[in-house]
>>> print(open('final-v9.csv').read())   # CSV, C-alpha atoms
chain,number,residue,atom,x,y,z
A,223,GLN,CA,5.6,157.8,58.8
A,224,PRO,CA,5.9,154.0,58.7
A,225,GLY,CA,7.7,152.9,61.9
A,226,THR,CA,6.4,155.7,64.1
A,227,ILE,CA,4.1,153.5,66.1
A,228,THR,CA,6.3,151.1,68.1
A,229,PRO,CA,5.7,149.4,71.5
A,230,GLU,CA,7.6,152.3,73.1
A,231,PHE,CA,5.4,154.8,71.3
A,232,ILE,CA,2.3,153.0,72.7
A,233,ALA,CA,3.8,152.8,76.2
A,234,ASP,CA,4.3,156.6,76.2
A,235,LEU,CA,0.7,157.0,75.0
A,236,VAL,CA,-0.7,154.6,77.6
A,237,ARG,CA,1.1,156.4,80.4
A,238,LEU,CA,-1.0,159.5,79.6
A,239,SER,CA,-3.9,157.4,81.0
A,240,TYR,CA,-2.5,158.1,84.5
A,241,LEU,CA,-3.3,161.8,84.1
A,242,ASP,CA,-6.8,163.3,84.7
A,243,LYS,CA,-7.1,164.5,81.1
A,244,GLY,CA,-5.5,161.3,79.6
A,245,PRO,CA,-7.8,160.9,76.6
A,246,LEU,CA,-7.5,164.6,75.6
A,247,LEU,CA,-3.7,164.3,75.9
A,248,ALA,CA,-3.8,161.1,73.9
A,249,ARG,CA,-5.5,163.0,71.1
A,250,GLU,CA,-2.9,165.8,71.2
A,251,PHE,CA,0.0,163.2,71.3
A,252,LEU,CA,-1.4,161.4,68.2
A,253,HIS,CA,-1.9,164.7,66.3
A,254,LYS,CA,1.6,165.7,67.0
A,255,HIS,CA,2.8,162.5,65.4
A,256,GLY,CA,0.7,162.9,62.3
A,257,ILE,CA,-2.1,160.5,63.3
A,258,HIS,CA,-5.7,161.8,62.8
A,259,PHE,CA,-7.9,160.9,65.7
A,260,VAL,CA,-11.7,161.2,66.1
A,261,ILE,CA,-14.3,160.0,68.6
A,262,GLU,CA,-17.9,159.5,67.5
A,263,GLU,CA,-21.0,158.7,69.4
A,264,HIS,CA,-22.2,155.1,69.0
A,265,LEU,CA,-23.7,154.6,65.6
A,266,PRO,CA,-27.2,153.2,66.0
A,267,HIS,CA,-27.8,149.6,64.8
A,268,THR,CA,-24.0,148.9,64.6
A,269,HIS,CA,-21.5,147.0,66.7
A,270,LEU,CA,-18.7,149.4,65.7
A,271,ASP,CA,-16.1,150.1,68.3
A,272,GLY,CA,-13.4,151.7,66.2
A,273,ALA,CA,-11.7,151.9,62.9
A,274,ALA,CA,-8.3,152.5,61.4
A,275,ILE,CA,-8.3,154.1,58.0
A,276,ARG,CA,-5.4,154.9,55.7
A,277,MET,CA,-6.2,158.3,54.1
A,278,PRO,CA,-5.5,159.0,50.4
A,279,ASN,CA,-2.3,160.8,51.5
A,280,SER,CA,-1.3,157.6,53.5
A,281,ALA,CA,-1.8,159.4,56.8
A,282,PRO,CA,-3.6,157.2,59.4
A,283,LEU,CA,-6.9,158.0,60.8
A,284,VAL,CA,-8.0,156.3,64.0
A,285,ALA,CA,-11.7,156.6,65.0
A,286,LEU,CA,-13.3,155.3,68.1
A,287,THR,CA,-17.0,155.1,69.0
A,288,LEU,CA,-18.6,155.4,72.4
A,289,ARG,CA,-20.5,152.1,72.1
A,290,HIS,CA,-18.9,150.9,75.3
A,291,ASP,CA,-18.4,154.3,77.0
A,292,ARG,CA,-15.7,153.1,79.5
A,293,LEU,CA,-12.1,154.3,79.9
A,294,ASP,CA,-10.7,150.7,79.8
A,295,ASN,CA,-12.5,150.2,76.5
A,296,PHE,CA,-11.2,153.6,75.2
A,297,TRP,CA,-7.5,152.6,75.9
A,298,PHE,CA,-7.8,149.1,74.6
A,299,THR,CA,-9.6,150.1,71.4
A,300,LEU,CA,-7.2,152.9,70.8
A,301,CYS,CA,-4.2,150.6,71.2
A,302,HIS,CA,-5.9,148.0,69.0
A,303,GLU,CA,-6.5,150.4,66.1
A,304,LEU,CA,-2.9,151.8,66.4
A,305,ALA,CA,-1.7,148.2,66.2
A,306,HIS,CA,-3.4,147.9,62.9
A,307,VAL,CA,-1.6,151.0,61.7
A,308,ALA,CA,1.7,149.7,62.9
A,309,LEU,CA,1.4,146.1,61.9
A,310,HIS,CA,-0.9,146.0,58.8
A,311,PHE,CA,-1.2,149.3,57.0
A,312,TYR,CA,2.1,149.0,55.2
A,313,LYS,CA,2.1,145.2,54.8
A,314,GLU,CA,-1.5,144.3,54.0
A,315,ASP,CA,-3.5,145.2,50.9
A,316,CYS,CA,-6.1,146.8,53.1
A,317,ASP,CA,-6.7,150.5,53.8
A,318,VAL,CA,-9.5,150.1,56.3
A,319,PHE,CA,-10.1,148.1,59.5
A,320,PHE,CA,-13.5,148.2,61.3
A,321,GLU,CA,-13.8,146.7,64.8
A,322,ASP,CA,-16.5,144.9,66.7
A,323,LEU,CA,-14.4,143.9,69.7
A,324,ASP,CA,-17.2,141.7,71.1
A,325,GLN,CA,-17.3,139.3,68.1
A,326,ALA,CA,-16.6,135.7,69.0
A,327,GLU,CA,-14.6,134.8,65.9
A,328,VAL,CA,-11.3,136.5,65.5
A,329,ASN,CA,-9.1,136.2,62.4
A,330,SER,CA,-5.3,136.2,62.5
A,331,VAL,CA,-5.1,139.9,61.7
A,332,GLU,CA,-7.5,140.9,64.5
A,333,GLY,CA,-5.9,138.4,66.9
A,334,GLU,CA,-2.5,140.0,66.2
A,335,ALA,CA,-3.9,143.5,66.9
A,336,ASP,CA,-5.5,142.2,70.1
A,337,SER,CA,-2.2,140.7,71.3
A,338,TRP,CA,-0.2,143.8,70.4
A,339,ALA,CA,-2.7,146.1,72.2
A,340,GLY,CA,-2.8,143.9,75.3
A,341,GLU,CA,1.0,143.7,75.4
A,342,ALA,CA,1.3,147.5,74.9
A,343,LEU,CA,-1.1,148.2,77.8
A,344,ILE,CA,0.3,145.7,80.2
A,345,PRO,CA,3.2,143.5,79.3
A,346,THR,CA,2.4,139.8,79.7
A,347,GLU,CA,5.3,139.1,82.1
A,348,THR,CA,4.3,141.9,84.3
A,349,TRP,CA,0.6,140.9,84.2
A,350,LYS,CA,1.4,137.3,85.1
A,351,ALA,CA,3.7,138.3,88.0
A,352,ALA,CA,0.9,140.5,89.5
A,353,ASP,CA,-1.6,137.6,89.4
A,354,LEU,CA,-4.5,140.1,89.9
A,355,CYS,CA,-7.2,137.7,88.7
A,356,ARG,CA,-6.4,135.3,91.6
A,357,GLU,CA,-7.5,137.8,94.2
A,358,PRO,CA,-9.0,140.8,92.4
A,359,THR,CA,-9.3,143.6,95.0
A,360,LEU,CA,-9.5,147.3,94.4
A,361,GLU,CA,-6.5,147.9,96.5
A,362,ARG,CA,-4.3,145.5,94.5
A,363,VAL,CA,-5.5,146.9,91.2
A,364,ARG,CA,-4.8,150.5,92.4
A,365,SER,CA,-1.4,149.5,93.7
A,366,PHE,CA,-0.5,147.7,90.4
A,367,ALA,CA,-1.7,150.7,88.3
A,368,ALA,CA,0.3,153.2,90.4
A,369,ALA,CA,3.5,151.1,90.0
A,370,MET,CA,2.9,151.0,86.2
A,371,ARG,CA,1.9,154.7,86.1
A,372,ILE,CA,-1.4,153.8,84.3
A,373,ASP,CA,-5.0,154.4,85.1
A,374,PRO,CA,-6.5,151.7,87.3
A,375,VAL,CA,-9.3,151.2,84.8
A,376,ILE,CA,-6.8,149.4,82.5
A,377,PRO,CA,-5.9,146.5,84.8
A,378,ALA,CA,-9.5,146.5,86.2
A,379,GLY,CA,-10.9,146.1,82.7
A,380,ARG,CA,-8.4,143.3,82.0
A,381,VAL,CA,-9.4,141.5,85.2
A,382,ARG,CA,-13.1,141.8,84.2
A,383,ARG,CA,-12.4,140.4,80.7
A,384,GLU,CA,-10.1,137.5,81.9
A,385,THR,CA,-12.4,136.4,84.8
A,386,GLY,CA,-15.6,137.0,82.7
A,387,ASP,CA,-17.0,138.9,85.7
A,388,ASP,CA,-18.3,142.3,84.4
A,389,ARG,CA,-19.6,143.2,87.9
A,390,LEU,CA,-16.0,143.6,89.3
A,391,PHE,CA,-14.9,147.2,89.9
A,392,GLY,CA,-18.1,148.6,88.5
>>> encode(input="final-v9.csv", output="structure tokens")
Amino acid sequence: QPGTITPEFIADLVRLSYLDKGPLLAREFLHKHGIHFVIEEHLPHTHLDGAAIRMPNSAPLVALTLRHDRLDNFWFTLCHELAHVALHFYKEDCDVFFEDLDQAEVNSVEGEADSWAGEALIPTETWKAADLCREPTLERVRSFAAAMRIDPVIPAGRVRRETGDDRLFG
């Protein structure tokens, strides 16, 4: 139903990342809320990370690919696609959003979904206070993640993206 996906809904979903079977539990969580969810292998010759599709009966379908087969990418892309459902499905004249999260040019709709997803994963105020990019150590990332009750891959991925250093926390 419109209004199901809220920041609180996403926060509950992201806390599942803390558990060993987080992605499987996320799938069950989404299904119980009427959101279809599928994961596909990377589609050759594409740069597709995910999609949000409004089905003919108006139910949302969220699809992720394993183009970047990393847990931080899984959680960010999932939140990004859910942001499209929450923010754009019932306001925009668009039933499908396809994602290449590596593209340099980002339009306002994609930027809004990126911001919403980032905020849902780790609130900006909390992220700034932690200042993990200043001195990115594994211990600090783990401690931050434990306090937030999220998987350490989420803050580690954000540190890699914000510092531009993909070698960190490999």
>>> atom_distance(input="final-v9.csv", atom1="atom CA of A:Leu270", atom2="atom CA of A:Asp291")
12.3 Å
>>> atom_distance(input="final-v9.csv", atom1="atom CA of A:Leu293", atom2="atom CA of A:His306")
20.1 Å
>>> closest_residue(input="final-v9.csv", among="A:Arg383, A:Arg362, A:Lys243, A:His253", to="A:Pro282", atoms="all atoms listed in the file")
A:His253
>>> closest_residue(input="final-v9.csv", among="A:Glu334, A:Asp294, A:Glu230, A:Glu303", to="A:Ala378", atoms="all atoms listed in the file")
A:Asp294
>>> residues_near_point(input="final-v9.csv", point="(-18.3, 144.1, 85.7)", cutoff="12 Å", atoms="all atoms listed in the file", output="list in words")
Arg292, Asp294, Pro358, Val375, Ala378, Gly379, Arg380, Val381, Arg382, Arg383, Glu384, Thr385, Gly386, Asp387, Asp388, Arg389, Leu390, Phe391 and Gly392 of chain A
>>> residues_around(input="final-v9.csv", residues="A:Arg276", least_positions_apart="3", cutoff="9 Å", atoms="all atoms listed in the file", output="mmCIF file with C-alpha atoms, in the frame of the given file")
data_model
loop_
_atom_site.group_PDB
_atom_site.id
_atom_site.type_symbol
_atom_site.label_atom_id
_atom_site.label_comp_id
_atom_site.auth_asym_id
_atom_site.auth_seq_id
_atom_site.Cartn_x
_atom_site.Cartn_y
_atom_site.Cartn_z
ATOM 1 C CA ASN A 279 -2.300 160.800 51.500
ATOM 2 C CA SER A 280 -1.300 157.600 53.500
ATOM 3 C CA ALA A 281 -1.800 159.400 56.800
ATOM 4 C CA PRO A 282 -3.600 157.200 59.400
ATOM 5 C CA LEU A 283 -6.900 158.000 60.800
ATOM 6 C CA VAL A 284 -8.000 156.300 64.000
ATOM 7 C CA VAL A 307 -1.600 151.000 61.700
ATOM 8 C CA PHE A 311 -1.200 149.300 57.000
ATOM 9 C CA CYS A 316 -6.100 146.800 53.100
ATOM 10 C CA ASP A 317 -6.700 150.500 53.800
ATOM 11 C CA VAL A 318 -9.500 150.100 56.300
#
>>> closest_atom_pairs(input="final-v9.csv", of="stretch 250-272 of chain A", to="stretch 234-239 of chain A", cutoff="12 Å", atoms="only C-alpha atoms", output="tab-separated table")
residue	atom	partner	partner_atom	distance
A:Glu250	CA	A:Leu235	CA	10.2
A:Phe251	CA	A:Leu235	CA	7.3
A:Leu252	CA	A:Leu235	CA	8.4
A:His253	CA	A:Leu235	CA	11.9
A:Lys254	CA	A:Leu235	CA	11.9
A:His255	CA	A:Leu235	CA	11.3
>>> write_last_selection(input="final-v9.csv", atoms="C-alpha atoms", output="PDB file, keeping the file's coordinate frame")
ATOM      1  CA  GLU A 250      -2.900 165.800  71.200  1.00  0.00           C
ATOM      2  CA  PHE A 251       0.000 163.200  71.300  1.00  0.00           C
ATOM      3  CA  LEU A 252      -1.400 161.400  68.200  1.00  0.00           C
ATOM      4  CA  HIS A 253      -1.900 164.700  66.300  1.00  0.00           C
ATOM      5  CA  LYS A 254       1.600 165.700  67.000  1.00  0.00           C
ATOM      6  CA  HIS A 255       2.800 162.500  65.400  1.00  0.00           C
TER       7      HIS A 255
END
>>> atom_distance(input="final-v9.csv", atom1="atom CA of A:Asp336", atom2="atom CA of A:Ala233")
15.4 Å
>>> closest_residue(input="final-v9.csv", among="A:Gly340, A:Pro266, A:Pro374, A:Gly225", to="A:Leu241", atoms="all atoms listed in the file")
A:Pro374
>>> closest_residue(input="final-v9.csv", among="A:Ala367, A:Ile275, A:Leu247, A:Leu304", to="A:Phe320", atoms="only C-alpha atoms")
A:Ile275
>>> residues_around(input="final-v9.csv", residues="A:Thr287", least_positions_apart="2", cutoff="10 Å", atoms="all atoms listed in the file", output="number ranges by chain")
A: 260-265, 269-273, 285, 289-291, 296, 299, 321
>>> closest_residue(input="final-v9.csv", among="A:Ala305, A:Leu300, A:Ala248, A:Ile232", to="A:Ile344", atoms="only C-alpha atoms")
A:Ile232
>>> closest_residue(input="final-v9.csv", among="A:Ser337, A:Ser330, A:Asn295, A:Thr226", to="A:Gly256", atoms="all atoms listed in the file")
A:Thr226
>>> residues_around(input="final-v9.csv", residues="A:Thr348", least_positions_apart="4", cutoff="12 Å", atoms="all atoms listed in the file", output="PyMOL selection string")
chain A and resi 340-344+352-354+366-367+369-370+377
